[in-house]
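Text of my_file_24.txt (compact mmCIF, C-alpha atoms) as supplied:
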```txt
# COMPACT_ATOMS: atom_id res chain seq x y z
CA MET A 39 -30.95 118.93 61.32
CA ARG A 40 -33.65 120.75 63.25
CA LEU A 41 -37.24 120.20 64.16
CA ARG A 42 -39.19 123.20 62.98
CA LEU A 43 -40.81 125.21 65.74
CA LEU A 44 -43.65 127.72 65.73
CA LYS A 45 -42.14 131.18 65.65
CA LEU A 46 -42.97 134.86 65.28
CA CYS A 47 -41.15 136.66 62.50
CA SER A 48 -40.59 140.09 61.00
CA THR A 49 -41.40 140.34 57.30
CA VAL A 50 -39.65 142.04 54.39
CA LEU A 51 -42.30 142.94 51.82
CA VAL A 52 -41.33 143.46 48.17
CA ALA A 53 -43.38 142.92 45.02
CA ALA A 54 -43.42 139.17 44.29
CA PRO A 55 -42.63 137.75 40.83
CA LEU A 56 -45.80 135.62 40.78
CA ALA A 57 -49.11 135.70 42.63
CA LEU A 58 -48.28 132.44 44.39
CA LEU A 59 -45.56 134.30 46.29
CA SER A 60 -47.89 136.97 47.65
CA ALA A 61 -46.82 138.03 51.13
CA PRO A 62 -48.61 137.03 54.34
CA VAL A 63 -49.73 139.44 57.02
CA ALA A 64 -46.64 140.87 58.75
CA GLN A 65 -45.95 139.51 62.21
CA ALA A 66 -44.08 140.91 65.20
CA ALA A 67 -40.40 140.14 65.48
CA GLY A 68 -39.48 137.36 67.86
CA SER A 69 -37.26 134.38 68.53
CA CYS A 70 -37.38 131.13 66.58
CA GLY A 71 -37.98 129.16 69.75
CA GLY A 72 -34.50 127.79 70.42
CA GLY A 73 -32.18 129.74 72.69
CA SER A 74 -29.90 128.82 75.54
CA GLY A 75 -32.64 127.05 77.47
CA VAL A 76 -32.48 124.06 75.14
CA GLY A 77 -28.89 124.45 73.93
CA THR A 78 -29.85 125.04 70.29
CA TRP A 79 -30.12 128.37 68.45
CA TRP A 80 -31.65 129.12 65.06
CA VAL A 81 -31.86 131.82 62.46
CA ASP A 82 -34.55 131.38 59.87
CA ALA A 83 -35.83 132.97 56.65
CA ASP A 84 -39.10 131.73 55.11
CA SER A 85 -40.93 132.59 51.89
CA GLY A 86 -43.88 131.54 49.74
CA TYR A 87 -45.60 128.45 48.33
CA PRO A 88 -46.42 126.31 46.40
CA ALA A 89 -42.92 125.51 45.18
CA ALA A 90 -41.12 122.37 44.02
CA GLY A 91 -37.74 123.39 45.35
CA THR A 92 -35.65 125.91 47.28
CA ARG A 93 -32.18 127.16 46.33
CA LEU A 94 -29.80 129.16 48.50
CA ARG A 95 -26.71 130.65 46.85
CA THR A 96 -23.82 131.39 49.19
CA THR A 97 -20.08 131.21 49.73
CA THR A 98 -18.78 128.70 52.27
CA PRO A 99 -16.98 130.10 55.33
CA THR A 100 -13.22 130.52 55.34
CA GLN A 101 -13.11 130.41 59.15
CA TRP A 102 -15.31 128.67 61.70
CA SER A 103 -15.19 127.23 65.20
CA VAL A 104 -17.09 124.29 66.74
CA ASP A 105 -16.64 123.06 70.32
CA ARG A 106 -15.31 119.60 70.99
CA PRO A 107 -15.63 117.05 72.66
CA SER A 108 -19.25 118.14 73.12
CA ASN A 109 -22.02 117.40 70.60
CA SER A 110 -21.75 120.94 69.22
CA ALA A 111 -22.33 121.69 65.55
CA PHE A 112 -23.46 124.36 63.14
CA ASN A 113 -25.20 124.04 59.78
CA GLN A 114 -26.57 126.20 56.99
CA ALA A 115 -29.33 124.77 54.82
CA SER A 116 -32.14 125.26 52.34
CA TRP A 117 -35.55 123.90 53.26
CA LEU A 118 -38.66 122.76 51.39
CA TRP A 119 -41.60 121.67 53.53
CA ASN A 120 -45.29 121.07 53.04
CA ALA A 121 -47.06 124.26 54.09
CA ASN A 122 -49.89 122.12 55.52
CA GLN A 123 -47.75 119.39 57.08
CA ALA A 124 -44.32 120.49 58.30
CA ASN A 125 -43.11 116.93 58.95
CA GLN A 126 -43.02 116.38 55.18
CA ALA A 127 -39.79 118.23 54.44
CA ILE A 128 -36.43 118.17 52.66
CA GLU A 129 -33.37 119.97 54.04
CA GLY A 130 -30.03 120.29 52.27
CA GLY A 131 -26.85 122.11 53.24
CA PHE A 132 -23.49 121.83 54.95
CA PHE A 133 -22.39 121.36 58.56
CA SER A 134 -19.34 121.12 60.76
CA GLY A 135 -19.08 119.33 64.10
CA TRP A 136 -21.30 116.53 65.38
CA PHE A 137 -23.64 114.69 62.98
CA PRO A 138 -26.41 113.19 65.14
CA TYR A 139 -27.59 110.61 62.59
CA ASP A 140 -24.41 108.53 62.73
CA ASN A 141 -22.77 110.08 65.83
CA THR A 142 -19.62 111.17 63.96
CA TRP A 143 -17.57 114.34 64.18
CA THR A 144 -15.92 116.50 61.50
CA ASN A 145 -13.78 119.62 61.54
CA SER A 146 -14.56 120.06 57.83
CA LEU A 147 -17.60 121.44 55.99
CA LEU A 148 -19.60 118.41 54.84
CA PRO A 149 -22.73 118.36 52.63
CA TYR A 150 -25.77 116.62 54.10
CA TYR A 151 -29.53 116.28 53.75
CA THR A 152 -32.45 115.32 55.98
CA LEU A 153 -36.00 114.14 55.30
CA ASP A 154 -39.17 114.10 57.43
CA ASN A 155 -38.37 117.45 59.07
CA GLY A 156 -35.05 116.19 60.37
CA GLY A 157 -36.32 112.70 61.22
CA ARG A 158 -33.54 111.02 59.21
CA GLY A 159 -30.34 112.30 57.70
CA THR A 160 -27.35 111.42 55.50
CA ARG A 161 -23.99 113.15 55.03
CA SER A 162 -21.24 113.11 52.44
CA SER A 163 -17.62 112.33 53.30
CA SER A 164 -16.34 114.79 50.65
CA ALA A 165 -15.60 118.16 52.25
CA LEU A 166 -16.42 121.51 50.69
CA ALA A 167 -13.56 123.95 50.31
CA GLY A 168 -13.78 127.14 52.36
CA GLY A 169 -14.52 130.25 50.33
CA SER A 170 -16.34 128.31 47.58
CA ALA A 171 -19.39 129.74 45.79
CA ILE A 172 -22.11 127.06 45.94
CA ASN A 173 -25.82 126.45 45.51
CA MET A 174 -27.76 124.50 48.11
CA ASP A 175 -30.83 122.98 46.42
CA SER A 176 -33.63 121.01 48.09
CA VAL A 177 -35.98 119.72 45.39
CA SER A 178 -39.12 117.62 45.61
CA GLY A 179 -38.87 114.38 43.73
CA GLY A 180 -36.24 114.34 45.00
CA HIS A 181 -32.68 115.45 45.25
CA VAL A 182 -30.43 117.70 47.27
CA SER A 183 -27.40 119.37 45.69
CA VAL A 184 -24.78 121.10 47.83
CA GLY A 185 -22.02 122.48 45.63
CA PRO A 186 -20.53 119.55 43.67
CA THR A 187 -22.32 116.91 45.78
CA THR A 188 -25.77 115.62 44.77
CA PHE A 189 -27.87 113.21 46.80
CA TRP A 190 -30.65 111.38 44.92
CA PHE A 191 -33.67 109.82 46.62
CA THR A 192 -37.38 109.16 46.13
CA TYR A 193 -39.24 111.67 48.28
CA SER A 194 -41.81 114.30 47.32
CA VAL A 195 -43.07 117.40 49.11
CA SER A 196 -46.45 118.71 48.02
CA ASN A 197 -47.52 122.35 48.46
CA GLY A 198 -43.88 123.15 49.18
CA GLN A 199 -42.92 126.24 51.16
CA ASN A 200 -39.47 127.82 50.88
CA GLY A 201 -37.08 128.26 53.78
CA GLY A 202 -33.47 128.86 54.72
CA GLN A 203 -31.88 128.35 58.11
CA GLY A 204 -28.76 128.38 60.20
CA GLU A 205 -28.64 126.15 63.25
CA VAL A 206 -26.16 126.06 66.13
CA LYS A 207 -25.88 123.51 68.92
CA LYS A 208 -23.15 124.58 71.28
CA THR A 209 -21.66 124.65 74.75
CA THR A 210 -19.39 127.71 74.68
CA ASN A 211 -17.95 128.93 71.39
CA THR A 212 -19.55 127.67 68.18
CA TRP A 213 -19.78 130.14 65.33
CA LEU A 214 -22.50 130.66 62.79
CA GLY A 215 -21.20 132.29 59.66
CA ASN A 216 -17.81 133.49 58.56
CA GLY A 217 -16.71 135.54 61.57
CA SER A 218 -18.72 138.55 60.46
CA GLY A 219 -21.47 136.44 58.90
CA ASN A 220 -22.48 134.54 55.76
CA SER A 221 -24.65 136.00 52.99
CA PHE A 222 -27.38 134.14 51.10
CA THR A 223 -29.46 134.73 47.99
CA ALA A 224 -32.67 132.68 47.71
CA PHE A 225 -34.60 131.21 44.78
CA TRP A 226 -37.56 128.89 44.22
CA THR A 227 -38.59 126.58 41.40
CA ASN A 228 -41.93 125.32 40.15
CA ASN A 229 -40.47 122.39 38.19
CA GLY A 230 -36.93 121.69 39.41
CA SER A 231 -35.39 123.43 36.38
CA ASN A 232 -36.45 127.08 36.22
CA TRP A 233 -35.41 129.20 39.20
CA TYR A 234 -36.93 132.51 40.34
CA ALA A 235 -35.91 134.98 43.04
CA TRP A 236 -37.91 135.05 46.25
CA GLY A 237 -40.31 138.00 46.36
CA TRP A 238 -40.19 138.41 50.17
CA HIS A 239 -39.00 136.67 53.30
CA SER A 240 -39.90 136.50 57.00
CA ASP A 241 -36.92 136.37 59.38
CA CYS A 242 -36.37 135.29 62.96
CA ASN A 243 -33.35 134.59 65.17
CA ASP A 244 -32.30 133.37 68.58
CA SER A 245 -29.85 135.78 70.22
CA PRO A 246 -26.82 135.91 70.25
CA TYR A 247 -27.14 134.68 66.65
CA TRP A 248 -28.53 137.21 64.22
CA ILE A 249 -29.99 137.66 60.76
CA SER A 250 -29.99 140.86 58.70
CA SER A 251 -32.14 141.30 55.59
CA GLY A 252 -30.46 142.11 52.29
CA GLY A 253 -33.64 142.76 50.31
CA ALA A 254 -36.46 140.63 48.90
CA ASN A 255 -34.40 137.46 48.43
CA GLY A 256 -31.23 137.91 50.45
CA TRP A 257 -29.89 138.04 53.99
CA THR A 258 -26.78 137.66 56.12
CA ASN A 259 -26.58 135.66 59.32
CA GLY A 260 -23.90 135.04 61.91
CA GLY A 261 -22.81 135.25 65.53
CA TYR A 262 -21.05 133.26 68.25
```
The structure in this file should be written as structure tokens.
Amino acid sequence: MRLRLLKLCSTVLVAAPLALLSAPVAQAAGSCGGGSGVGTWWVDADSGYPAAGTRLRTTTPTQWSVDRPSNSAFNQASWLWNANQANQAIEGGFFSGWFPYDNTWTNSLLPYYTLDNGGRGTRSSSALAGGSAINMDSVSGGHVSVGPTTFWFTYSVSNGQNGGQGEVKKTTNTWLGNGSGNSFTAFWTNNGSNWYAWGWHSDCNDSPYWISSGGANGWTNGGY
């Protein structure tokens, strides 16, 4: 549900499975550009291109907290965006709290997707169960799958770059993660069918939310 911002990141470098996932020059660690000044915080993990889709494998939280009656929310999502044009992008994941595209509120974990770098979005009304192992797929072509829910649409992303994010919009006490955090394992596809592990990722976060690398294609994020 975010608009991507220019950020400085720290990079985990591990041998990539294919040349197309060769690592960029490492950058200095820094924030993602959100923070308390604008009321929105992010954690972010990015990887290589070109890709036709991004998959994040995770387990949904068993506990979470979102402020109400404010417009607070949190989400976790996979991203695929054009490395040359960030406004061409597909995002797919789950959220709890306020959904800005139809101005509704949920205490549940609902699947959703956005297109055009968050320019438009759609949610499901079927909640995910807490503690469920799921994939979150964002695939050019296009479709988004979040656990048992699949959204189909006509939308392509060329020269796709892989990403994963957590986003928090809060007033006082909105969590990201499962108390002590949520863990993710990341994959990419060249055709929407065959999936390969990320070979590296660049991470950034807005304090007090955090991200901790778990190797070439994994991380944990959390905070509140």
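Of the listed residues (A:Val81, A:Met174, A:Leu166, A:Val195), A:Val195 comes nearest to Gln126 of chain A; the distances count all atoms listed in the file.
Using all atoms listed in the file, the shortest contact distance between His181 of chain A and any of A:Ile128, A:Ala83, A:Ala167, A:Ala224 is found at A:Ile128.
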Identify which of the residues A:Ser240, A:Thr100, A:Ser183, A:Ser110 lies closest to Gln203 of chain A, counting all atoms listed in the file when measuring atom-to-atom distances.
->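 Closest candidate: A:Ser240.
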Of the candidates A:Asn232, A:Gly185, A:Ala111, A:Thr192, which shows the shortest atom-to-atom distance to Gly169 of chain A, using only C-alpha atoms?
->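 Using only C-alpha atoms, the shortest distance to Gly169 of chain A belongs to A:Gly185.
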What's the 8 Å shell around segment 215-223 of chain A, counting only C-alpha atoms, without same-chain residues fewer than 6 positions away, as an MDAnalysis selection string?
-> chainID A and resid 94:102 255:261
Shortest interatomic distance to Ala235 of chain A - which of A:Asp105, A:Ser162, A:Thr187, A:Ala254, counting all atoms listed in the file | A:Ala254
Could you check how far atom CA of Ala90 of chain A sits from atom CA of Gln199 of chain A, in Å to one decimal?
->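 Separation between atom CA of Ala90 of chain A and atom CA of Gln199 of chain A: 8.3 Å.
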